[in-house]
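Novice: Just start.txt, nothing more (compact mmCIF, C-alpha atoms (C1' of nucleotides)):
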# COMPACT_ATOMS: atom_id res chain seq x y z
CA MET Q 1 5.92 20.13 7.47
CA ALA Q 2 8.43 20.04 4.75
CA LYS Q 3 5.75 18.39 2.70
CA SER Q 4 3.44 21.39 2.88
CA THR Q 5 6.00 23.50 1.09
CA HIS Q 6 5.19 21.68 -2.14
CA SER Q 7 1.95 21.60 -4.03
CA VAL Q 8 0.26 18.22 -3.76
CA SER Q 9 -3.19 16.83 -4.20
CA SER Q 10 -5.44 16.70 -1.19
CA PHE Q 11 -5.45 12.93 -1.39
CA ALA Q 12 -1.66 12.66 -1.24
CA ARG Q 13 -1.48 15.15 1.62
CA SER Q 14 -4.00 13.10 3.59
CA VAL Q 15 -2.01 9.92 3.07
CA LEU Q 16 1.25 11.60 4.06
CA ASP Q 17 -0.43 13.03 7.13
CA VAL Q 18 -1.64 9.62 8.29
CA VAL Q 19 1.73 7.96 7.65
CA ASP Q 20 3.52 10.77 9.42
CA ARG Q 21 1.36 10.11 12.50
CA ILE Q 22 2.49 6.48 12.80
CA PRO Q 23 4.70 6.33 15.92
CA GLN Q 24 8.02 4.53 15.95
CA GLY Q 25 7.68 0.80 16.52
CA ARG Q 26 4.22 0.75 14.98
CA VAL Q 27 3.00 -0.08 11.46
CA MET Q 28 -0.11 0.43 9.36
CA SER Q 29 -1.35 -1.43 6.29
CA TYR Q 30 -2.01 0.22 2.93
CA GLY Q 31 -5.64 -0.77 3.12
CA ALA Q 32 -6.02 0.78 6.57
CA ILE Q 33 -4.61 4.08 5.35
CA ALA Q 34 -6.73 3.90 2.22
CA ASP Q 35 -9.77 3.46 4.42
CA GLN Q 36 -8.77 6.50 6.49
CA VAL Q 37 -8.30 8.77 3.50
CA GLY Q 38 -11.15 7.28 1.49
CA GLY Q 39 -9.13 5.81 -1.38
CA SER Q 40 -7.75 2.43 -2.33
CA ALA Q 41 -4.62 0.59 -1.27
CA ARG Q 42 -3.06 1.04 -4.73
CA SER Q 43 -3.49 4.79 -4.60
CA VAL Q 44 -1.76 4.90 -1.23
CA GLY Q 45 1.18 2.98 -2.69
CA GLY Q 46 1.50 5.54 -5.46
CA VAL Q 47 1.72 8.39 -2.96
CA LEU Q 48 4.37 6.61 -0.91
CA SER Q 49 6.42 5.90 -4.01
CA ALA Q 50 6.37 9.59 -4.85
CA TRP Q 51 7.38 10.63 -1.31
CA SER Q 52 9.68 7.75 -0.34
CA GLU Q 53 12.29 10.28 0.80
CA GLU Q 54 9.96 12.33 2.98
CA THR Q 55 7.67 9.62 4.32
CA ASN Q 56 8.12 6.69 6.71
CA TRP Q 57 7.19 4.17 4.01
CA HIS Q 58 8.86 1.36 5.99
CA ARG Q 59 6.18 1.76 8.67
CA VAL Q 60 3.58 0.90 6.04
CA VAL Q 61 3.18 -2.82 5.33
CA TYR Q 62 0.86 -5.22 3.51
CA ALA Q 63 -2.38 -6.42 5.06
CA ASP Q 64 -0.68 -9.61 6.29
CA GLY Q 65 2.32 -7.81 7.76
CA THR Q 66 4.74 -8.28 4.87
CA PRO Q 67 7.05 -5.25 4.54
CA ALA Q 68 6.58 -3.13 1.42
CA SER Q 69 8.33 -4.86 -1.45
CA CYS Q 70 10.49 -2.60 -3.54
CA HIS Q 71 14.22 -1.95 -3.12
CA GLY Q 72 14.91 -5.49 -2.09
CA ASN Q 73 14.43 -6.01 1.64
CA SER Q 74 15.71 -2.76 3.16
CA ALA Q 75 12.35 -2.37 4.91
CA SER Q 76 13.04 -5.24 7.30
CA GLY Q 77 16.28 -3.66 8.50
CA LEU Q 78 14.56 -0.32 9.01
CA LEU Q 79 11.72 -1.97 10.92
CA ILE Q 80 14.18 -3.72 13.20
CA ASP Q 81 15.91 -0.40 13.76
CA GLU Q 82 12.53 1.05 14.72
CA GLU Q 83 11.99 -1.70 17.29
CA VAL Q 84 9.10 -3.15 15.31
CA PRO Q 85 8.41 -6.77 16.36
CA LEU Q 86 9.13 -9.04 13.41
CA LEU Q 87 7.86 -12.59 13.23
CA ASN Q 88 9.43 -14.91 10.70
CA GLY Q 89 10.17 -12.04 8.31
CA ARG Q 90 6.74 -10.45 8.73
CA VAL Q 91 5.57 -7.75 11.13
CA ASP Q 92 3.72 -9.02 14.17
CA LEU Q 93 0.53 -7.06 13.57
CA THR Q 94 -0.78 -8.45 16.84
CA ARG Q 95 1.52 -5.98 18.61
CA ALA Q 96 2.65 -3.48 15.97
CA ARG Q 97 -0.67 -2.59 14.35
CA TRP Q 98 -1.66 1.08 14.74
CA PRO Q 99 -3.98 2.43 15.85
CA ASP Q 100 -3.95 -0.46 18.25
CA ASN Q 101 -7.69 -0.55 18.56
CA GLY Q 102 -8.23 -0.32 22.19
CA ARG Q 103 -5.15 -2.18 23.35
C1' DG N 1 -12.80 11.66 -21.63
C1' DT N 2 -10.30 7.18 -22.34
C1' DT N 3 -6.38 4.08 -21.67
C1' DA N 4 -2.55 2.27 -19.17
C1' DT N 5 0.07 1.58 -14.95
C1' DG N 6 1.06 0.81 -9.98
C1' DA N 7 5.15 0.38 -3.05
C1' DC N 8 -2.53 -3.39 -2.80
C1' DT N 9 -6.03 -6.77 -1.22
C1' DC N 10 -9.03 -10.64 -1.54
C1' DC N 11 -10.62 -15.23 -3.24
C1' DA N 12 -9.95 -19.69 -5.36
C1' DG N 13 -6.97 -23.63 -6.67
C1' DA I 1 2.02 -21.96 2.26
C1' DC I 2 2.32 -20.26 -2.68
C1' DT I 3 0.45 -18.73 -7.23
C1' DG I 4 -2.80 -16.72 -10.28
C1' DG I 5 -6.63 -13.88 -11.43
C1' DA I 6 -9.93 -10.08 -10.57
C1' DG I 7 -11.25 -5.69 -8.28
C1' DC I 8 -10.09 -1.12 -6.51
C1' DC I 9 -8.78 4.00 -7.06
C1' DA I 10 -5.49 7.92 -8.12
C1' DT I 11 -2.07 9.64 -11.42
C1' DA I 12 0.01 10.30 -15.93
C1' DA I 13 -0.21 10.44 -21.05
Can you turn what I pasted into structure tokens?
Specialist:
Amino acid sequence: MAKSTHSVSSFARSVLDVVDRIPQGRVMSYGAIADQVGGSARSVGGVLSAWSEETNWHRVVYADGTPASCHGNSASGLLIDEEVPLLNGRVDLTRARWPDNGR
DNA sequence: GTTATGACTCCAG
DNA sequence: ACTGGAGCCATAA
């Protein structure tokens, strides 16, 4: 709840809330989060960039499972550390996608 | 209120 | 599989 101590737009707070709910070893795509908060994938990216130090941005990946770009490839290492199944450099959404729709 | 930018996603070649 | 172009929405100036 460290995030609540700062003033932020309702949209950003919603995005941070969803990302914060992603369990370890699981990932969510920008578009999926955007759909949950009612925004667009780009807007979600902007929020993550602003909260990269307080948010699990490495658990958020592209629609095809590619780890979020910036900062080189540190995301892959973090994902491995989180026990996220990687497949040829991309996240295996077949197993890591969350919520895992029924599983 | 308008313009420009961005950690996105989809479609076509 | 990769690249380029267009669409999408929130934030900042």
Novice: Give the residues of chain Q that lie within 8 Å of chain I; count only C-alpha atoms (C1' of nucleotides), and format the answer as number ranges by chain.
Specialist: Q: 39-43, 46
Novice: Which residues of chain N are close to chain Q, meaning at most 7 Å apart when you count all atoms listed in the file, and how do they look as a ChimeraX atom specification?
Specialist: /N:6-8
Novice: Please list as an MDAnalysis selection string every residue within 12 Å of Pro23 of chain Q, counting all atoms listed in the file and excluding residues in the same chain fewer than 3 positions away.
Specialist: chainID Q and resid 18:20 26:28 56 58:60 79 82:84 96:100
Novice: Which residue gives the smallest distance to DT9 of chain N among Q:Ile22, Q:Ala32, Q:Ala12, Q:Leu87, with all atoms listed in the file counted?
Specialist: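 The shortest atom-to-atom distance to DT9 of chain N comes from Q:Ala32.
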Novice: Could you tell me how far atom CA of Ser14 of chain Q lies from atom CA of Asp35 of chain Q, in Å and to one decimal?
Specialist: 11.3 Å
Novice: Could you please determine the separation between atom CA of Gly89 of chain Q and atom CA of Thr66 of chain Q in Å, to one decimal place?
Specialist: 7.4 Å
Novice: Between atom CA of Leu78 of chain Q and atom CA of Val91 of chain Q, what is the distance in Å, rounded to a tenth?
Specialist: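 For atom CA of Leu78 of chain Q relative to atom CA of Val91 of chain Q, the distance reads 11.9 Å.
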Novice: Please rebuild segment 8-32 of chain Q with N, CA and C atoms and give the result as a PDB file, keeping the file's coordinate frame.
Specialist:
ATOM      1  N   VAL Q   8       0.616  19.625  -3.584  1.00  0.00           N
ATOM      2  CA  VAL Q   8       0.260  18.220  -3.760  1.00  0.00           C
ATOM      3  C   VAL Q   8      -1.249  18.102  -3.672  1.00  0.00           C
ATOM      4  N   SER Q   9      -1.748  17.058  -4.232  1.00  0.00           N
ATOM      5  CA  SER Q   9      -3.190  16.830  -4.200  1.00  0.00           C
ATOM      6  C   SER Q   9      -3.660  16.573  -2.784  1.00  0.00           C
ATOM      7  N   SER Q  10      -4.879  16.892  -2.519  1.00  0.00           N
ATOM      8  CA  SER Q  10      -5.440  16.700  -1.190  1.00  0.00           C
ATOM      9  C   SER Q  10      -5.334  15.246  -0.754  1.00  0.00           C
ATOM     10  N   PHE Q  11      -5.527  14.354  -1.701  1.00  0.00           N
ATOM     11  CA  PHE Q  11      -5.450  12.930  -1.390  1.00  0.00           C
ATOM     12  C   PHE Q  11      -4.050  12.554  -0.895  1.00  0.00           C
ATOM     13  N   ALA Q  12      -3.033  12.975  -1.628  1.00  0.00           N
ATOM     14  CA  ALA Q  12      -1.660  12.660  -1.240  1.00  0.00           C
ATOM     15  C   ALA Q  12      -1.345  13.268   0.120  1.00  0.00           C
ATOM     16  N   ARG Q  13      -1.756  14.480   0.347  1.00  0.00           N
ATOM     17  CA  ARG Q  13      -1.480  15.150   1.620  1.00  0.00           C
ATOM     18  C   ARG Q  13      -2.121  14.380   2.765  1.00  0.00           C
ATOM     19  N   SER Q  14      -3.321  13.875   2.549  1.00  0.00           N
ATOM     20  CA  SER Q  14      -4.000  13.100   3.590  1.00  0.00           C
ATOM     21  C   SER Q  14      -3.220  11.824   3.913  1.00  0.00           C
ATOM     22  N   VAL Q  15      -2.776  11.153   2.870  1.00  0.00           N
ATOM     23  CA  VAL Q  15      -2.010   9.920   3.070  1.00  0.00           C
ATOM     24  C   VAL Q  15      -0.725  10.216   3.829  1.00  0.00           C
ATOM     25  N   LEU Q  16      -0.005  11.237   3.407  1.00  0.00           N
ATOM     26  CA  LEU Q  16       1.250  11.600   4.060  1.00  0.00           C
ATOM     27  C   LEU Q  16       0.993  11.972   5.507  1.00  0.00           C
ATOM     28  N   ASP Q  17      -0.101  12.612   5.759  1.00  0.00           N
ATOM     29  CA  ASP Q  17      -0.430  13.030   7.130  1.00  0.00           C
ATOM     30  C   ASP Q  17      -0.638  11.810   8.018  1.00  0.00           C
ATOM     31  N   VAL Q  18      -1.371  10.839   7.513  1.00  0.00           N
ATOM     32  CA  VAL Q  18      -1.640   9.620   8.290  1.00  0.00           C
ATOM     33  C   VAL Q  18      -0.334   8.860   8.547  1.00  0.00           C
ATOM     34  N   VAL Q  19       0.461   8.691   7.519  1.00  0.00           N
ATOM     35  CA  VAL Q  19       1.730   7.960   7.650  1.00  0.00           C
ATOM     36  C   VAL Q  19       2.653   8.677   8.629  1.00  0.00           C
ATOM     37  N   ASP Q  20       2.652   9.973   8.554  1.00  0.00           N
ATOM     38  CA  ASP Q  20       3.520  10.770   9.420  1.00  0.00           C
ATOM     39  C   ASP Q  20       3.104  10.645  10.883  1.00  0.00           C
ATOM     40  N   ARG Q  21       1.860  10.260  11.128  1.00  0.00           N
ATOM     41  CA  ARG Q  21       1.360  10.110  12.500  1.00  0.00           C
ATOM     42  C   ARG Q  21       1.714   8.764  13.087  1.00  0.00           C
ATOM     43  N   ILE Q  22       2.153   7.813  12.275  1.00  0.00           N
ATOM     44  CA  ILE Q  22       2.490   6.480  12.800  1.00  0.00           C
ATOM     45  C   ILE Q  22       3.728   6.590  13.691  1.00  0.00           C
ATOM     46  N   PRO Q  23       3.584   6.234  14.979  1.00  0.00           N
ATOM     47  CA  PRO Q  23       4.700   6.330  15.920  1.00  0.00           C
ATOM     48  C   PRO Q  23       5.747   5.264  15.637  1.00  0.00           C
ATOM     49  N   GLN Q  24       6.943   5.493  16.139  1.00  0.00           N
ATOM     50  CA  GLN Q  24       8.020   4.530  15.950  1.00  0.00           C
ATOM     51  C   GLN Q  24       7.666   3.209  16.618  1.00  0.00           C
ATOM     52  N   GLY Q  25       7.984   2.120  15.971  1.00  0.00           N
ATOM     53  CA  GLY Q  25       7.680   0.800  16.520  1.00  0.00           C
ATOM     54  C   GLY Q  25       6.277   0.354  16.173  1.00  0.00           C
ATOM     55  N   ARG Q  26       5.596   1.099  15.350  1.00  0.00           N
ATOM     56  CA  ARG Q  26       4.220   0.750  14.980  1.00  0.00           C
ATOM     57  C   ARG Q  26       4.110   0.723  13.455  1.00  0.00           C
ATOM     58  N   VAL Q  27       3.173  -0.024  12.912  1.00  0.00           N
ATOM     59  CA  VAL Q  27       3.000  -0.080  11.460  1.00  0.00           C
ATOM     60  C   VAL Q  27       1.518  -0.004  11.083  1.00  0.00           C
ATOM     61  N   MET Q  28       1.258   0.343   9.842  1.00  0.00           N
ATOM     62  CA  MET Q  28      -0.110   0.430   9.360  1.00  0.00           C
ATOM     63  C   MET Q  28      -0.156  -0.188   7.955  1.00  0.00           C
ATOM     64  N   SER Q  29      -1.255  -0.804   7.617  1.00  0.00           N
ATOM     65  CA  SER Q  29      -1.350  -1.430   6.290  1.00  0.00           C
ATOM     66  C   SER Q  29      -1.862  -0.428   5.262  1.00  0.00           C
ATOM     67  N   TYR Q  30      -1.555  -0.655   4.018  1.00  0.00           N
ATOM     68  CA  TYR Q  30      -2.010   0.220   2.930  1.00  0.00           C
ATOM     69  C   TYR Q  30      -3.530   0.338   2.958  1.00  0.00           C
ATOM     70  N   GLY Q  31      -4.185  -0.772   3.117  1.00  0.00           N
ATOM     71  CA  GLY Q  31      -5.640  -0.770   3.120  1.00  0.00           C
ATOM     72  C   GLY Q  31      -6.203   0.061   4.259  1.00  0.00           C
ATOM     73  N   ALA Q  32      -5.552   0.012   5.421  1.00  0.00           N
ATOM     74  CA  ALA Q  32      -6.020   0.780   6.570  1.00  0.00           C
ATOM     75  C   ALA Q  32      -5.910   2.277   6.278  1.00  0.00           C
TER      76      ALA Q  32
END
